[in-house]
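Take a look at the structure set out below.
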Amino acid sequence: MPDIVLTTINARYVHAALGLRYLAANMGELQPHTRIVEFVLGQRAIEIVEDLLALNPRIVGIGVYIWNVDECTRVVALLKKIAPHVTVVLGGPEVSYETGEQRICTLADYVITGWGDVSFPKLARDILDGRPPAGKVITGEQLPLSRLALPYTQYTDEDIARRFIYVEASRGCPFKCEFCLSALDKTAWPFELDGFMAELEKLYNRGARNFRFVDRTFNLKVAASQRILEFFLARMDGSLFLHFELIPDHLPEKLKETILKFPPGALHFEIGIQTFNPDVQARISRRQDDAEAEKNIRWLREVSPALIHVDLIAGLPGEDLASFGRGFDRLHALKPHEIQVGILKRLRGAPIDRHTEAHQLRYNPDAPYNVLATDCISFNGMQRISRFARYWDLFGNAGRFRQALPPLLADAPFDNFMRFADWLYARTHKTHEFAFERLCEFMHVYLTEVLQVNGATAAVLADYEASGARGRLPFMDAGVRPDGTHNRDSATARARMRQARHVTV
């Protein structure tokens, strides 16, 4: 039985926690007495506690994040009630700030703020040796990266076969965007490249093919970026998938030349635009050359073989819905594969808090602390954009309505999709648990009855069949609407469907 259990609750099974593996790799002589045990959102807290206590640990270290803090709080409360003799140590970004205001921190025995790579092993030794520190909150020690043991041997064969392999060539960020905790970093620190590349080689030789780089600014140092890309290019075997986060306005020609050598779909680039409003950019200390960013995204989308995911944030201080909508339209015109519409969240410790009163930022008191209203966007407006974001994932980012979505968006994508989102919510009062067939039905009714788009039936049918689905949609037979009412022109609908079977789209 291990003396020390390192655990967290991941959003999904495929997300293997890199932070836990750093802790395990740096446990020194305690490493044989340490075990990583991971859980997934949706598992019951009492069952998680049962699994943890079955290992009879003396110390449980828990990684706490914005997406799992509620579940972790329940786990800690149960642990301390059932097994008060077990020492509970918290770490992670969610508990690195405002520790005195959080129930989970009150319940736990110790909280390590900031970096825990060496501070957790040191604390564990003191506890096991009977020398526990008097204070509850311990400031994590930040050592030079060269003194840290790299975590990649901690990935198991099952991890490599079935999960994302998270790696980092650097830590930190030189930029000061106030909505992000990385704004508190002084700079970006690179790992020693030869040692890192050797670890990549070992992972690749073990069969790893799905690499997710967590670097905030992968293309900051082009020489290092180039070497990493060339490493993978030399080993491209058709199954590699590589994810990187790029600075949008920094894409030198040399890097472009290397990107062009990859096959389609092997590279996935996440690009944070966040806002195109220059006043808002200045307000939140975000430096961005919008024209250069647009040029680079256009090149990546139209010329390169990469998949492009771009982020926008709604609810930033001083930005209203009209400004956000113009940014969405500007980005949509560049045709990225995905536009992630995010809602501003109050990350504990992030500098954006300084705008709270001046811009009347009203945040959800519970995780994920999303902004509920600002001086520019009412509560109702934020609810609308939240539903817009969810429906956009279903109808836009999922890529399943390539024929039917363009006539809906027409020449005003944001406004037109917002109208559709309002219409859809008015009829369903839900944003989740839609079967694909149900989505097709809603799309068909909106296009044919609200917008009266010619060829809409053929477009929806083409999208449905392109998805691989082989069932029959209700409007193919009786003309039943998604709300249960009947289409009076069902005969026409059926005739159009029969005709659509012979249309090449």
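How things are named: the first chain in the structure tokens is A, the next is B, and so on; residues count from 1 in each chain; ligands count from 1 in the order shown.
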
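Using only C-alpha atoms, the protein and nucleic acid residues lying no more than 8 Å from Ala456 of chain A, apart from those fewer than 5 places from it along its own chain, are A:Ala404, A:His444, A:Leu447, A:Thr448.
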
Selection export as a PDB file, in the first residue's frame, atoms kept: all heavy atoms:
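Output below, filename selection08.pdb:
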ATOM      1  N   ALA A 404     -26.100  23.303 -44.414  1.00  0.00           N
ATOM      2  CA  ALA A 404     -27.259  24.020 -43.885  1.00  0.00           C
ATOM      3  C   ALA A 404     -26.887  25.294 -43.134  1.00  0.00           C
ATOM      4  O   ALA A 404     -27.696  26.238 -43.089  1.00  0.00           O
ATOM      5  CB  ALA A 404     -28.053  23.095 -42.964  1.00  0.00           C
ATOM      6  N   HIS A 444     -33.977  22.257 -39.847  1.00  0.00           N
ATOM      7  CA  HIS A 444     -34.900  22.191 -40.981  1.00  0.00           C
ATOM      8  C   HIS A 444     -36.086  23.131 -40.789  1.00  0.00           C
ATOM      9  O   HIS A 444     -36.467  23.877 -41.702  1.00  0.00           O
ATOM     10  CB  HIS A 444     -35.391  20.752 -41.169  1.00  0.00           C
ATOM     11  CG  HIS A 444     -36.310  20.592 -42.335  1.00  0.00           C
ATOM     12  ND1 HIS A 444     -37.677  20.496 -42.189  1.00  0.00           N
ATOM     13  CD2 HIS A 444     -36.058  20.533 -43.670  1.00  0.00           C
ATOM     14  CE1 HIS A 444     -38.229  20.378 -43.390  1.00  0.00           C
ATOM     15  NE2 HIS A 444     -37.272  20.392 -44.303  1.00  0.00           N
ATOM     16  N   LEU A 447     -34.910  26.853 -41.092  1.00  0.00           N
ATOM     17  CA  LEU A 447     -34.595  27.262 -42.465  1.00  0.00           C
ATOM     18  C   LEU A 447     -35.830  27.318 -43.350  1.00  0.00           C
ATOM     19  O   LEU A 447     -35.983  28.235 -44.168  1.00  0.00           O
ATOM     20  CB  LEU A 447     -33.562  26.308 -43.070  1.00  0.00           C
ATOM     21  CG  LEU A 447     -32.146  26.357 -42.496  1.00  0.00           C
ATOM     22  CD1 LEU A 447     -31.258  25.338 -43.196  1.00  0.00           C
ATOM     23  CD2 LEU A 447     -31.540  27.745 -42.624  1.00  0.00           C
ATOM     24  N   THR A 448     -36.718  26.353 -43.195  1.00  0.00           N
ATOM     25  CA  THR A 448     -37.859  26.288 -44.106  1.00  0.00           C
ATOM     26  C   THR A 448     -39.009  27.197 -43.682  1.00  0.00           C
ATOM     27  O   THR A 448     -39.658  27.820 -44.533  1.00  0.00           O
ATOM     28  CB  THR A 448     -38.379  24.845 -44.223  1.00  0.00           C
ATOM     29  OG1 THR A 448     -38.737  24.358 -42.915  1.00  0.00           O
ATOM     30  CG2 THR A 448     -37.337  23.935 -44.841  1.00  0.00           C
TER      31      THR A 448
END

Review point. Quick one: residues within 12 Å of segment 234-238 of chain A, only C-alpha atoms counted, chain neighbours fewer than 3 positions away excluded, as a list of chain:residue names?
Key: A:Leu200, A:Glu201, A:Tyr204, A:Asn205, A:Gly207, A:Ala208, A:Arg209, A:Asn210, A:Arg227, A:Ile228, A:Leu229, A:Glu230, A:Phe231, A:Phe241, A:Leu242, A:Thr258, A:Lys261, A:Phe262, A:Pro263, A:Pro264, A:Gly265, A:Ala266, A:Leu267

Exercise for review: Write out as a VMD selection string each polymer residue whose atoms come within 8 Å of segment 152-158 of chain A, counting only C-alpha atoms; drop sequence neighbours fewer than 2 positions from it.
Suggested key: chain A and resid 21 24 to 25 150 160 to 163 165 167 199 203 206

Output C-alpha atoms of each residue in that selection to a file, as a tab-separated table (two decimals), in the first residue's frame.
chain	number	residue	atom	x	y	z
A	21	ARG	CA	3.18	13.28	-12.82
A	24	ALA	CA	5.54	11.81	-8.64
A	25	ALA	CA	8.72	12.29	-10.65
A	150	LEU	CA	10.92	15.51	-15.89
A	160	ILE	CA	0.11	6.18	-23.99
A	161	ALA	CA	-2.37	3.88	-25.68
A	162	ARG	CA	-5.60	5.61	-24.67
A	163	ARG	CA	-5.01	9.17	-23.43
A	165	ILE	CA	0.06	12.88	-23.60
A	167	VAL	CA	4.14	17.79	-22.48
A	199	GLU	CA	12.06	12.53	-23.42
A	203	LEU	CA	7.60	8.66	-25.47
A	206	ARG	CA	6.85	3.71	-26.44

Exercise for review: Using DSSP on the backbone, list every residue of segment 415-452 of chain A that comes out as helix (DSSP H, G or I), and give them as JSON, numbers by chain.
Suggested key: {"A": [415, 416, 417, 418, 419, 420, 421, 422, 423, 424, 425, 426, 427, 428, 436, 437, 438, 439, 440, 441, 442, 443, 444, 445, 446, 447, 448, 449, 450]}

Any chance you can output those residues with C-alpha atoms as an mmCIF file, in the first residue's frame?
data_model
loop_
_atom_site.group_PDB
_atom_site.id
_atom_site.type_symbol
_atom_site.label_atom_id
_atom_site.label_comp_id
_atom_site.auth_asym_id
_atom_site.auth_seq_id
_atom_site.Cartn_x
_atom_site.Cartn_y
_atom_site.Cartn_z
ATOM 1 C CA ASP A 415 -26.641 38.458 -35.443
ATOM 2 C CA ASN A 416 -28.233 35.690 -37.477
ATOM 3 C CA PHE A 417 -26.974 32.879 -35.286
ATOM 4 C CA MET A 418 -28.013 34.815 -32.181
ATOM 5 C CA ARG A 419 -31.552 34.975 -33.580
ATOM 6 C CA PHE A 420 -31.446 31.245 -34.178
ATOM 7 C CA ALA A 421 -30.144 30.658 -30.638
ATOM 8 C CA ASP A 422 -32.939 32.779 -29.164
ATOM 9 C CA TRP A 423 -35.504 30.921 -31.280
ATOM 10 C CA LEU A 424 -34.144 27.510 -30.307
ATOM 11 C CA TYR A 425 -34.041 28.266 -26.594
ATOM 12 C CA ALA A 426 -37.566 29.689 -26.667
ATOM 13 C CA ARG A 427 -38.780 26.320 -27.965
ATOM 14 C CA THR A 428 -36.704 23.965 -25.856
ATOM 15 C CA PHE A 436 -28.210 14.795 -33.771
ATOM 16 C CA GLU A 437 -31.532 13.930 -35.390
ATOM 17 C CA ARG A 438 -33.197 16.504 -33.148
ATOM 18 C CA LEU A 439 -30.685 19.150 -34.213
ATOM 19 C CA CYS A 440 -31.426 18.372 -37.851
ATOM 20 C CA GLU A 441 -35.123 18.786 -37.185
ATOM 21 C CA PHE A 442 -34.639 22.190 -35.598
ATOM 22 C CA MET A 443 -32.359 23.323 -38.396
ATOM 23 C CA HIS A 444 -34.900 22.191 -40.981
ATOM 24 C CA VAL A 445 -37.824 23.982 -39.345
ATOM 25 C CA TYR A 446 -35.864 27.202 -38.887
ATOM 26 C CA LEU A 447 -34.595 27.262 -42.465
ATOM 27 C CA THR A 448 -37.859 26.288 -44.106
ATOM 28 C CA GLU A 449 -40.450 28.024 -41.921
ATOM 29 C CA VAL A 450 -38.651 30.996 -40.357
#

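Of the listed residues (A:Glu245, A:Asp375, A:Glu253, A:Glu292), A:Glu245 comes nearest to Phe213 of chain A; the distances count only C-alpha atoms.
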
Check your understanding: So how many Å separate atom CA of Gly91 of chain A and atom CA of Ala45 of chain A, to one decimal?
Key -> 18.4 Å

Check your understanding: Mind pulling up the distance from atom CA of Leu18 of chain A to atom CA of Arg58 of chain A?
Key ->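 Distance between the two atoms: 22.7 Å.
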